[in-house]
>>> print(open('protein-v2.pdb').read())   # PDB, C-alpha atoms
ATOM      1  CA  GLN A 874     -17.077  -2.095   3.169  1.00  0.00           C
ATOM      2  CA  VAL A 875     -13.626  -0.827   2.285  1.00  0.00           C
ATOM      3  CA  GLN A 876     -12.824   2.779   1.431  1.00  0.00           C
ATOM      4  CA  LEU A 877      -9.756   3.614  -0.645  1.00  0.00           C
ATOM      5  CA  VAL A 878      -8.114   6.983  -1.208  1.00  0.00           C
ATOM      6  CA  GLU A 879      -5.242   7.376  -3.667  1.00  0.00           C
ATOM      7  CA  SER A 880      -2.668  10.146  -3.625  1.00  0.00           C
ATOM      8  CA  GLY A 881       0.687  10.988  -5.139  1.00  0.00           C
ATOM      9  CA  GLY A 882      -0.201  11.494  -8.766  1.00  0.00           C
ATOM     10  CA  GLY A 883       1.028  14.444 -10.763  1.00  0.00           C
ATOM     11  CA  LEU A 884       3.296  15.488 -13.569  1.00  0.00           C
ATOM     12  CA  ALA A 885       6.657  13.837 -14.171  1.00  0.00           C
ATOM     13  CA  GLN A 886       9.197  13.948 -16.938  1.00  0.00           C
ATOM     14  CA  ALA A 887      10.159  10.848 -18.866  1.00  0.00           C
ATOM     15  CA  GLY A 888      12.767   8.961 -16.877  1.00  0.00           C
ATOM     16  CA  GLY A 889      11.500  10.406 -13.617  1.00  0.00           C
ATOM     17  CA  SER A 890       9.782   8.846 -10.637  1.00  0.00           C
ATOM     18  CA  LEU A 891       6.563   9.115  -8.694  1.00  0.00           C
ATOM     19  CA  ARG A 892       5.200   7.215  -5.713  1.00  0.00           C
ATOM     20  CA  LEU A 893       1.505   6.570  -5.415  1.00  0.00           C
ATOM     21  CA  SER A 894      -0.155   5.799  -2.109  1.00  0.00           C
ATOM     22  CA  CYS A 895      -3.511   4.247  -1.349  1.00  0.00           C
ATOM     23  CA  ALA A 896      -4.921   4.456   2.155  1.00  0.00           C
ATOM     24  CA  ALA A 897      -7.531   1.855   3.053  1.00  0.00           C
ATOM     25  CA  SER A 898     -10.102   1.812   5.811  1.00  0.00           C
ATOM     26  CA  GLY A 899     -13.066  -0.293   6.839  1.00  0.00           C
ATOM     27  CA  ASP A 900     -11.718  -3.840   7.181  1.00  0.00           C
ATOM     28  CA  THR A 901      -8.674  -5.796   8.260  1.00  0.00           C
ATOM     29  CA  PHE A 902      -6.150  -4.495   5.737  1.00  0.00           C
ATOM     30  CA  SER A 903      -3.628  -7.260   6.252  1.00  0.00           C
ATOM     31  CA  SER A 904      -6.156  -9.942   5.299  1.00  0.00           C
ATOM     32  CA  TYR A 905      -6.789  -8.936   1.700  1.00  0.00           C
ATOM     33  CA  SER A 906      -4.853  -8.408  -1.488  1.00  0.00           C
ATOM     34  CA  MET A 907      -4.424  -5.021  -3.108  1.00  0.00           C
ATOM     35  CA  GLY A 908      -3.820  -3.926  -6.654  1.00  0.00           C
ATOM     36  CA  TRP A 909      -3.097  -1.002  -8.920  1.00  0.00           C
ATOM     37  CA  PHE A 910      -4.810  -0.544 -12.260  1.00  0.00           C
ATOM     38  CA  ARG A 911      -4.662   2.274 -14.785  1.00  0.00           C
ATOM     39  CA  GLN A 912      -6.751   3.720 -17.558  1.00  0.00           C
ATOM     40  CA  ALA A 913      -5.225   5.825 -20.287  1.00  0.00           C
ATOM     41  CA  PRO A 914      -7.327   8.214 -22.370  1.00  0.00           C
ATOM     42  CA  GLY A 915      -9.439   6.289 -24.867  1.00  0.00           C
ATOM     43  CA  LYS A 916      -8.340   2.914 -23.524  1.00  0.00           C
ATOM     44  CA  GLU A 917      -9.757   0.292 -21.207  1.00  0.00           C
ATOM     45  CA  ARG A 918      -8.633  -0.060 -17.622  1.00  0.00           C
ATOM     46  CA  GLU A 919      -5.695  -2.427 -17.311  1.00  0.00           C
ATOM     47  CA  PHE A 920      -3.913  -4.315 -14.576  1.00  0.00           C
ATOM     48  CA  VAL A 921      -0.616  -2.867 -13.353  1.00  0.00           C
ATOM     49  CA  ALA A 922       0.410  -4.688 -10.175  1.00  0.00           C
ATOM     50  CA  ARG A 923      -0.952  -6.718  -7.304  1.00  0.00           C
ATOM     51  CA  ILE A 924       0.284  -7.652  -3.854  1.00  0.00           C
ATOM     52  CA  MET A 925      -1.196 -10.528  -1.914  1.00  0.00           C
ATOM     53  CA  ALA A 926      -2.090 -10.618   1.760  1.00  0.00           C
ATOM     54  CA  GLY A 927       0.109 -12.492   4.170  1.00  0.00           C
ATOM     55  CA  GLY A 928       3.405 -13.134   2.466  1.00  0.00           C
ATOM     56  CA  GLY A 929       3.004 -10.214   0.108  1.00  0.00           C
ATOM     57  CA  GLN A 930       3.694 -12.053  -3.147  1.00  0.00           C
ATOM     58  CA  THR A 931       3.652  -9.603  -6.042  1.00  0.00           C
ATOM     59  CA  TYR A 932       2.600  -9.656  -9.686  1.00  0.00           C
ATOM     60  CA  TYR A 933       3.212  -7.122 -12.454  1.00  0.00           C
ATOM     61  CA  GLN A 934       2.147  -6.311 -15.947  1.00  0.00           C
ATOM     62  CA  ASP A 935       5.043  -7.071 -18.260  1.00  0.00           C
ATOM     63  CA  SER A 936       5.438  -3.469 -19.394  1.00  0.00           C
ATOM     64  CA  VAL A 937       6.156  -2.243 -15.847  1.00  0.00           C
ATOM     65  CA  LYS A 938       8.359  -5.082 -14.582  1.00  0.00           C
ATOM     66  CA  GLY A 939      11.674  -3.753 -13.368  1.00  0.00           C
ATOM     67  CA  ARG A 940      10.353  -0.183 -13.256  1.00  0.00           C
ATOM     68  CA  PHE A 941       7.409  -0.293 -10.825  1.00  0.00           C
ATOM     69  CA  THR A 942       7.323  -1.771  -7.339  1.00  0.00           C
ATOM     70  CA  ILE A 943       4.196  -2.450  -5.322  1.00  0.00           C
ATOM     71  CA  SER A 944       4.493  -2.679  -1.549  1.00  0.00           C
ATOM     72  CA  ARG A 945       2.284  -2.525   1.492  1.00  0.00           C
ATOM     73  CA  ASP A 946       2.505  -1.237   5.051  1.00  0.00           C
ATOM     74  CA  ASN A 947      -0.053  -3.190   7.019  1.00  0.00           C
ATOM     75  CA  PRO A 948       0.099  -1.153  10.265  1.00  0.00           C
ATOM     76  CA  LYS A 949      -0.613   1.951   8.175  1.00  0.00           C
ATOM     77  CA  SER A 950      -3.235   0.200   5.993  1.00  0.00           C
ATOM     78  CA  THR A 951      -1.518   1.628   2.952  1.00  0.00           C
ATOM     79  CA  VAL A 952      -0.312   0.228  -0.346  1.00  0.00           C
ATOM     80  CA  TYR A 953       2.272   1.977  -2.494  1.00  0.00           C
ATOM     81  CA  LEU A 954       3.306   1.974  -6.111  1.00  0.00           C
ATOM     82  CA  GLN A 955       6.826   3.215  -6.692  1.00  0.00           C
ATOM     83  CA  MET A 956       7.169   4.149 -10.344  1.00  0.00           C
ATOM     84  CA  ASN A 957      10.645   4.691 -11.765  1.00  0.00           C
ATOM     85  CA  SER A 958      11.917   5.259 -15.283  1.00  0.00           C
ATOM     86  CA  LEU A 959       8.550   6.651 -16.250  1.00  0.00           C
ATOM     87  CA  LYS A 960       7.548   6.742 -19.890  1.00  0.00           C
ATOM     88  CA  PRO A 961       4.944   8.866 -21.678  1.00  0.00           C
ATOM     89  CA  GLU A 962       2.885   5.706 -22.203  1.00  0.00           C
ATOM     90  CA  ASP A 963       2.524   5.409 -18.431  1.00  0.00           C
ATOM     91  CA  THR A 964       0.241   8.444 -18.551  1.00  0.00           C
ATOM     92  CA  ALA A 965      -3.119   7.372 -17.110  1.00  0.00           C
ATOM     93  CA  VAL A 966      -5.465   7.599 -14.198  1.00  0.00           C
ATOM     94  CA  TYR A 967      -4.214   5.102 -11.631  1.00  0.00           C
ATOM     95  CA  TYR A 968      -6.728   3.262  -9.463  1.00  0.00           C
ATOM     96  CA  CYS A 969      -6.208   1.348  -6.273  1.00  0.00           C
ATOM     97  CA  ALA A 970      -8.289  -1.782  -5.711  1.00  0.00           C
ATOM     98  CA  ALA A 971      -8.919  -4.070  -2.762  1.00  0.00           C
ATOM     99  CA  PHE A 972     -10.034  -7.679  -3.131  1.00  0.00           C
ATOM    100  CA  VAL A 973     -11.970  -8.745  -0.060  1.00  0.00           C
ATOM    101  CA  ARG A 974     -13.771 -12.096   0.236  1.00  0.00           C
ATOM    102  CA  GLY A 975     -14.966 -12.158  -3.355  1.00  0.00           C
ATOM    103  CA  LEU A 976     -15.721  -8.475  -3.595  1.00  0.00           C
ATOM    104  CA  ASP A 977     -13.625  -5.699  -5.053  1.00  0.00           C
ATOM    105  CA  TYR A 978     -13.474  -2.092  -4.002  1.00  0.00           C
ATOM    106  CA  TRP A 979     -12.019   0.818  -5.950  1.00  0.00           C
ATOM    107  CA  GLY A 980     -10.666   4.236  -5.247  1.00  0.00           C
ATOM    108  CA  LYS A 981     -11.496   7.281  -7.337  1.00  0.00           C
ATOM    109  CA  GLY A 982      -8.105   7.375  -9.009  1.00  0.00           C
ATOM    110  CA  THR A 983      -5.160   9.706  -9.265  1.00  0.00           C
ATOM    111  CA  LEU A 984      -3.854  11.167 -12.505  1.00  0.00           C
ATOM    112  CA  VAL A 985      -0.280  10.528 -13.603  1.00  0.00           C
ATOM    113  CA  THR A 986       1.025  12.511 -16.553  1.00  0.00           C
ATOM    114  CA  VAL A 987       4.456  11.794 -18.013  1.00  0.00           C
ATOM    115  CA  SER A 988       5.888  14.342 -20.408  1.00  0.00           C
ATOM    116  CA  SER A 989       8.486  13.486 -23.041  1.00  0.00           C
TER     117      SER A 989
END
>>> encode(input="protein-v2.pdb", output="structure tokens")
Amino acid sequence: QVQLVESGGGLAQAGGSLRLSCAASGDTFSSYSMGWFRQAPGKEREFVARIMAGGGQTYYQDSVKGRFTISRDNPKSTVYLQMNSLKPEDTAVYYCAAFVRGLDYWGKGTLVTVSS
């Protein structure tokens, strides 16, 4: 079992920045990959970014490349999503996910609202 708690959401203006955090507990954090997903009002949940265990290779949705950065701090069991140059279309509930031995775990989400 892995428990995930997101924080750092809020209101930002277009062009601004926010940093999301996701604290994990319940397993060996460094051994599994982590991801961020988002769900905008009326839309399906979509992939945003992922960071692998070990070497920390990263992957991004095309629309956030160059603006968002995913990182992890293994001693703190925390994954981050630094979001820069925010756009109104980034408005969504952002979810943290952990992928552990074929299972996935999800946090409850944190709301990000970007005003124009």
>>> resolve_selection(input="protein-v2.pdb", expression="the PyMOL selection byres ((chain A and resi 920) around 7)", output="ChimeraX atom specification")
/A:909-911,919,921-922,934
>>> resolve_selection(input="protein-v2.pdb", expression="the PyMOL selection byres ((chain A and resi 961-972) around 8)", output="MDAnalysis selection string")
chainID A and resid 875 877:879 887 895 905:914 959:960 973:989
>>> write_last_selection(input="protein-v2.pdb", atoms="C-alpha atoms", output="PDB file, keeping the file's coordinate frame")
ATOM      1  CA  VAL A 875     -13.626  -0.827   2.285  1.00  0.00           C
ATOM      2  CA  LEU A 877      -9.756   3.614  -0.645  1.00  0.00           C
ATOM      3  CA  VAL A 878      -8.114   6.983  -1.208  1.00  0.00           C
ATOM      4  CA  GLU A 879      -5.242   7.376  -3.667  1.00  0.00           C
ATOM      5  CA  ALA A 887      10.159  10.848 -18.866  1.00  0.00           C
ATOM      6  CA  CYS A 895      -3.511   4.247  -1.349  1.00  0.00           C
ATOM      7  CA  TYR A 905      -6.789  -8.936   1.700  1.00  0.00           C
ATOM      8  CA  SER A 906      -4.853  -8.408  -1.488  1.00  0.00           C
ATOM      9  CA  MET A 907      -4.424  -5.021  -3.108  1.00  0.00           C
ATOM     10  CA  GLY A 908      -3.820  -3.926  -6.654  1.00  0.00           C
ATOM     11  CA  TRP A 909      -3.097  -1.002  -8.920  1.00  0.00           C
ATOM     12  CA  PHE A 910      -4.810  -0.544 -12.260  1.00  0.00           C
ATOM     13  CA  ARG A 911      -4.662   2.274 -14.785  1.00  0.00           C
ATOM     14  CA  GLN A 912      -6.751   3.720 -17.558  1.00  0.00           C
ATOM     15  CA  ALA A 913      -5.225   5.825 -20.287  1.00  0.00           C
ATOM     16  CA  PRO A 914      -7.327   8.214 -22.370  1.00  0.00           C
ATOM     17  CA  LEU A 959       8.550   6.651 -16.250  1.00  0.00           C
ATOM     18  CA  LYS A 960       7.548   6.742 -19.890  1.00  0.00           C
ATOM     19  CA  VAL A 973     -11.970  -8.745  -0.060  1.00  0.00           C
ATOM     20  CA  ARG A 974     -13.771 -12.096   0.236  1.00  0.00           C
ATOM     21  CA  GLY A 975     -14.966 -12.158  -3.355  1.00  0.00           C
ATOM     22  CA  LEU A 976     -15.721  -8.475  -3.595  1.00  0.00           C
ATOM     23  CA  ASP A 977     -13.625  -5.699  -5.053  1.00  0.00           C
ATOM     24  CA  TYR A 978     -13.474  -2.092  -4.002  1.00  0.00           C
ATOM     25  CA  TRP A 979     -12.019   0.818  -5.950  1.00  0.00           C
ATOM     26  CA  GLY A 980     -10.666   4.236  -5.247  1.00  0.00           C
ATOM     27  CA  LYS A 981     -11.496   7.281  -7.337  1.00  0.00           C
ATOM     28  CA  GLY A 982      -8.105   7.375  -9.009  1.00  0.00           C
ATOM     29  CA  THR A 983      -5.160   9.706  -9.265  1.00  0.00           C
ATOM     30  CA  LEU A 984      -3.854  11.167 -12.505  1.00  0.00           C
ATOM     31  CA  VAL A 985      -0.280  10.528 -13.603  1.00  0.00           C
ATOM     32  CA  THR A 986       1.025  12.511 -16.553  1.00  0.00           C
ATOM     33  CA  VAL A 987       4.456  11.794 -18.013  1.00  0.00           C
ATOM     34  CA  SER A 988       5.888  14.342 -20.408  1.00  0.00           C
ATOM     35  CA  SER A 989       8.486  13.486 -23.041  1.00  0.00           C
TER      36      SER A 989
END
>>> residues_near_point(input="protein-v2.pdb", point="(10.4, 1.3, -6.9)", cutoff="9 Å", atoms="all atoms listed in the file", output="PDB file with C-alpha atoms, in the frame of the given file")
ATOM      1  CA  SER A 890       9.782   8.846 -10.637  1.00  0.00           C
ATOM      2  CA  LEU A 891       6.563   9.115  -8.694  1.00  0.00           C
ATOM      3  CA  ARG A 892       5.200   7.215  -5.713  1.00  0.00           C
ATOM      4  CA  GLY A 939      11.674  -3.753 -13.368  1.00  0.00           C
ATOM      5  CA  ARG A 940      10.353  -0.183 -13.256  1.00  0.00           C
ATOM      6  CA  PHE A 941       7.409  -0.293 -10.825  1.00  0.00           C
ATOM      7  CA  THR A 942       7.323  -1.771  -7.339  1.00  0.00           C
ATOM      8  CA  ILE A 943       4.196  -2.450  -5.322  1.00  0.00           C
ATOM      9  CA  SER A 944       4.493  -2.679  -1.549  1.00  0.00           C
ATOM     10  CA  LEU A 954       3.306   1.974  -6.111  1.00  0.00           C
ATOM     11  CA  GLN A 955       6.826   3.215  -6.692  1.00  0.00           C
ATOM     12  CA  MET A 956       7.169   4.149 -10.344  1.00  0.00           C
ATOM     13  CA  ASN A 957      10.645   4.691 -11.765  1.00  0.00           C
TER      14      ASN A 957
END
>>> axis_aligned_box(input="protein-v2.pdb", around="segment 971-986 of chain A", padding_each_side="6 Å", output="AutoDock Vina command-line options")
--center_x -7.3 --center_y 0.2 --center_z -8.2 --size_x 28.7 --size_y 36.7 --size_z 28.8
>>> closest_residue(input="protein-v2.pdb", among="A:Tyr953, A:Phe902, A:Ala897, A:Gln876", to="Gly927 of chain A", atoms="only C-alpha atoms")
A:Phe902
>>> atom_distance(input="protein-v2.pdb", atom1="atom CA of Ser894 of chain A", atom2="atom CA of Ser880 of chain A")
5.2 Å
>>> atom_distance(input="protein-v2.pdb", atom1="atom CA of Ala926 of chain A", atom2="atom CA of Ser904 of chain A")
5.4 Å
>>> atom_distance(input="protein-v2.pdb", atom1="atom CA of Lys938 of chain A", atom2="atom CA of Glu917 of chain A")
20.0 Å
>>> closest_residue(input="protein-v2.pdb", among="A:Ser958, A:Thr951, A:Thr901, A:Thr931", to="Gly888 of chain A", atoms="all atoms listed in the file")
A:Ser958
>>> closest_residue(input="protein-v2.pdb", among="A:Gly889, A:Ala896, A:Gly883, A:Arg945", to="Gln930 of chain A", atoms="only C-alpha atoms")
A:Arg945
>>> closest_residue(input="protein-v2.pdb", among="A:Met925, A:Val952, A:Lys916, A:Ser936", to="Gly881 of chain A", atoms="all atoms listed in the file")
A:Val952
>>> decode(input="protein-v2.pdb", residues="segment 900-917 of chain A", atoms="N, CA, C and O atoms", output="CSV table (one decimal), in the first residue's frame")
chain,number,residue,atom,x,y,z
A,900,ASP,N,5.9,2.5,1.2
A,900,ASP,CA,6.7,1.5,0.5
A,900,ASP,C,8.1,2.2,0.2
A,900,ASP,O,8.3,3.3,0.7
A,901,THR,N,8.9,1.5,-0.5
A,901,THR,CA,10.3,2.0,-0.7
A,901,THR,C,10.2,3.0,-1.9
A,901,THR,O,10.2,2.6,-3.1
A,902,PHE,N,10.1,4.3,-1.6
A,902,PHE,CA,9.8,5.3,-2.6
A,902,PHE,C,10.8,5.3,-3.8
A,902,PHE,O,10.4,5.4,-4.9
A,903,SER,N,12.1,5.1,-3.5
A,903,SER,CA,13.0,5.1,-4.6
A,903,SER,C,12.9,4.0,-5.6
A,903,SER,O,13.5,4.0,-6.7
A,904,SER,N,12.1,3.0,-5.3
A,904,SER,CA,12.0,1.8,-6.2
A,904,SER,C,10.9,1.9,-7.2
A,904,SER,O,10.8,1.0,-8.0
A,905,TYR,N,10.1,2.9,-7.1
A,905,TYR,CA,9.0,3.0,-8.1
A,905,TYR,C,8.9,4.3,-8.8
A,905,TYR,O,9.4,5.3,-8.3
A,906,SER,N,8.2,4.3,-10.0
A,906,SER,CA,8.1,5.5,-10.7
A,906,SER,C,6.9,6.3,-10.2
A,906,SER,O,6.0,5.7,-9.6
A,907,MET,N,6.9,7.6,-10.5
A,907,MET,CA,5.9,8.5,-10.1
A,907,MET,C,5.4,9.3,-11.2
A,907,MET,O,6.1,9.6,-12.2
A,908,GLY,N,4.2,9.8,-11.2
A,908,GLY,CA,3.6,10.6,-12.3
A,908,GLY,C,2.7,11.6,-11.8
A,908,GLY,O,2.2,11.6,-10.6
A,909,TRP,N,2.5,12.6,-12.6
A,909,TRP,CA,1.4,13.6,-12.4
A,909,TRP,C,0.4,13.5,-13.6
A,909,TRP,O,0.8,13.4,-14.7
A,910,PHE,N,-0.8,13.6,-13.2
A,910,PHE,CA,-1.9,13.6,-14.2
A,910,PHE,C,-2.8,14.8,-13.8
A,910,PHE,O,-2.7,15.4,-12.8
A,911,ARG,N,-3.7,15.2,-14.8
A,911,ARG,CA,-4.6,16.3,-14.5
A,911,ARG,C,-6.0,16.0,-15.1
A,911,ARG,O,-6.0,15.3,-16.1
A,912,GLN,N,-7.0,16.6,-14.6
A,912,GLN,CA,-8.3,16.5,-15.1
A,912,GLN,C,-9.0,17.9,-15.1
A,912,GLN,O,-9.2,18.4,-14.0
A,913,ALA,N,-9.2,18.4,-16.2
A,913,ALA,CA,-9.9,19.7,-16.3
A,913,ALA,C,-11.4,19.5,-16.3
A,913,ALA,O,-11.9,18.4,-16.6
A,914,PRO,N,-12.1,20.5,-16.0
A,914,PRO,CA,-13.6,20.4,-15.9
A,914,PRO,C,-14.2,19.9,-17.2
A,914,PRO,O,-13.9,20.4,-18.3
A,915,GLY,N,-15.0,18.8,-17.1
A,915,GLY,CA,-15.6,18.3,-18.3
A,915,GLY,C,-14.8,17.5,-19.2
A,915,GLY,O,-15.2,17.1,-20.3
A,916,LYS,N,-13.5,17.2,-18.8
A,916,LYS,CA,-12.6,16.4,-19.6
A,916,LYS,C,-12.1,15.2,-18.9
A,916,LYS,O,-12.2,15.1,-17.7
A,917,GLU,N,-11.5,14.3,-19.6
A,917,GLU,CA,-10.9,13.1,-19.0
A,917,GLU,C,-9.6,13.4,-18.4
A,917,GLU,O,-8.9,14.4,-18.8
